[in-house]
$ cat protein29.txt   # compact mmCIF, C-alpha atoms
# COMPACT_ATOMS: atom_id res chain seq x y z
CA MET A 980 25.27 -21.62 31.11
CA ARG A 981 22.43 -19.96 29.27
CA THR A 982 19.22 -21.96 28.90
CA ASP A 983 17.07 -19.52 26.90
CA THR A 984 15.35 -21.01 23.90
CA ALA A 985 13.78 -19.25 20.95
CA SER A 986 10.32 -19.98 22.35
CA SER A 987 11.15 -18.42 25.71
CA LEU A 988 12.36 -15.25 24.00
CA THR A 989 9.26 -14.87 21.82
CA PRO A 990 6.31 -13.21 23.59
CA ASP A 991 3.11 -15.20 23.75
CA LEU A 992 0.76 -13.50 21.27
CA ALA A 993 -2.12 -13.83 23.71
CA THR A 994 -0.27 -11.51 26.12
CA VAL A 995 0.53 -8.82 23.54
CA PRO A 996 -2.06 -6.06 23.81
CA SER A 997 -4.16 -5.69 20.70
CA SER A 998 -4.30 -2.38 18.94
CA SER A 999 -7.60 -3.33 17.30
CA ASP A 1000 -9.40 -0.26 18.65
CA ALA A 1001 -6.72 2.25 17.70
CA PRO A 1002 -7.33 4.16 14.47
CA LEU A 1003 -5.17 3.22 11.50
CA ASN A 1004 -2.83 5.86 10.11
CA ALA A 1005 -0.61 6.42 7.08
CA ALA A 1006 2.25 4.49 8.69
CA ASP A 1007 0.14 1.30 8.83
CA ARG A 1008 0.88 -0.74 5.70
CA CYS A 1009 -0.86 -3.69 4.06
CA ASP A 1010 0.81 -7.00 4.90
CA SER A 1011 0.08 -8.20 1.34
CA CYS A 1012 1.20 -5.34 -0.88
CA GLY A 1013 2.58 -2.49 1.24
CA ALA A 1014 -0.18 0.02 0.40
CA GLN A 1015 -1.78 2.06 3.18
CA ALA A 1016 -3.82 -0.20 5.46
CA TYR A 1017 -7.52 0.45 5.98
CA VAL A 1018 -8.48 -2.92 7.51
CA ARG A 1019 -7.08 -4.53 10.68
CA ALA A 1020 -7.86 -8.18 11.39
CA THR A 1021 -7.26 -9.23 14.99
CA MET A 1022 -6.91 -12.99 15.11
CA PRO A 1023 -8.50 -15.05 17.91
CA GLY A 1024 -5.14 -16.22 19.24
CA GLY A 1025 -3.73 -12.71 19.20
CA GLY A 1026 -1.84 -10.69 16.65
CA ASP A 1027 -3.03 -8.31 13.98
CA LEU A 1028 -2.95 -8.45 10.20
CA LEU A 1029 -3.20 -5.23 8.21
CA PHE A 1030 -4.71 -4.94 4.74
CA CYS A 1031 -5.42 -2.28 2.13
CA GLY A 1032 -9.04 -1.99 1.03
CA HIS A 1033 -8.56 -4.41 -1.88
CA HIS A 1034 -6.85 -7.17 0.11
CA GLY A 1035 -9.16 -6.61 3.08
CA ALA A 1036 -12.16 -7.28 0.84
CA ALA A 1037 -10.47 -10.26 -0.80
CA HIS A 1038 -9.56 -11.92 2.52
CA ARG A 1039 -12.67 -10.90 4.50
CA PRO A 1040 -14.57 -14.22 4.08
CA SER A 1041 -11.60 -16.32 5.18
CA LEU A 1042 -10.80 -14.01 8.08
CA LEU A 1043 -14.37 -14.15 9.36
CA VAL A 1044 -14.42 -17.96 9.12
CA ALA A 1045 -11.16 -17.99 11.11
CA GLY A 1046 -12.85 -15.90 13.83
CA ALA A 1047 -10.96 -12.67 13.23
CA ARG A 1048 -12.32 -9.39 14.56
CA LEU A 1049 -12.25 -6.79 11.77
CA HIS A 1050 -11.66 -3.06 12.16
CA ASP A 1051 -12.63 -1.54 8.79
CA GLU A 1052 -11.84 2.07 7.88
CA THR A 1053 -12.41 1.77 4.13
CA ASP A 1054 -15.09 4.45 4.46
CA LYS A 1055 -12.16 6.91 4.53
CA LEU A 1056 -11.67 6.09 0.85
CA LEU A 1057 -15.10 7.38 -0.13
CA VAL A 1058 -15.41 10.94 -1.32
CA THR A 1059 -18.80 12.52 -0.74
CA ARG A 1060 -20.16 15.55 -2.55
CA GLU A 1061 -20.09 17.52 0.69
CA SER A 1062 -16.41 16.81 1.38
CA SER A 1063 -15.36 17.47 -2.24
CA ALA A 1064 -17.34 20.74 -2.35
CA ALA A 1065 -15.59 21.93 0.81
CA ALA A 1066 -12.15 21.41 -0.72
$ encode --input "protein29.txt" --output "structure tokens"
Amino acid sequence: MRTDTASSLTPDLATVPSSSDAPLNAADRCDSCGAQAYVRATMPGGGDLLFCGHHGAAHRPSLLVAGARLHDETDKLLVTRESSAAA
């Protein structure tokens, strides 16, 4: 007789290693709209949420109140004169 339950098959989020320090890449997509993610919010209980620049900015206040740790790479969206002149 099998005694597994759904909760025993689901990993505890606190034990899942966080990727909050890993750089985001083109395969990382916004959980709200599917655009490329530039913001990762690591929640206090574990688990990550990914957001594009727009949704990251929109949800930032609520995420900070909830105690999330934010990894923000929206600076990649800025084009400087030096980088555009080199192209």
$ atom_distance --input "protein29.txt" --atom1 "CA of Ala1047 (chain A)" --atom2 "CA of Pro1023 (chain A)"
5.8 Å
$ residues_around --input "protein29.txt" --residues "Arg1008 (chain A)" --least-positions-apart "4" --cutoff "10 Å" --atoms "only C-alpha atoms" --output "ChimeraX atom specification"
/A:1003-1004,1012-1018,1028-1031
$ atom_distance --input "protein29.txt" --atom1 "CA of Pro1002 (chain A)" --atom2 "CA of His1050 (chain A)"
8.7 Å
$ atom_distance --input "protein29.txt" --atom1 "CA of Gly1035 (chain A)" --atom2 "CA of Asp1051 (chain A)"
8.4 Å
$ closest_residue --input "protein29.txt" --among "A:Ala1006, A:Ser1011, A:Val1058, A:Gly1046" --to "Gly1032 (chain A)" --atoms "only C-alpha atoms"
A:Ser1011
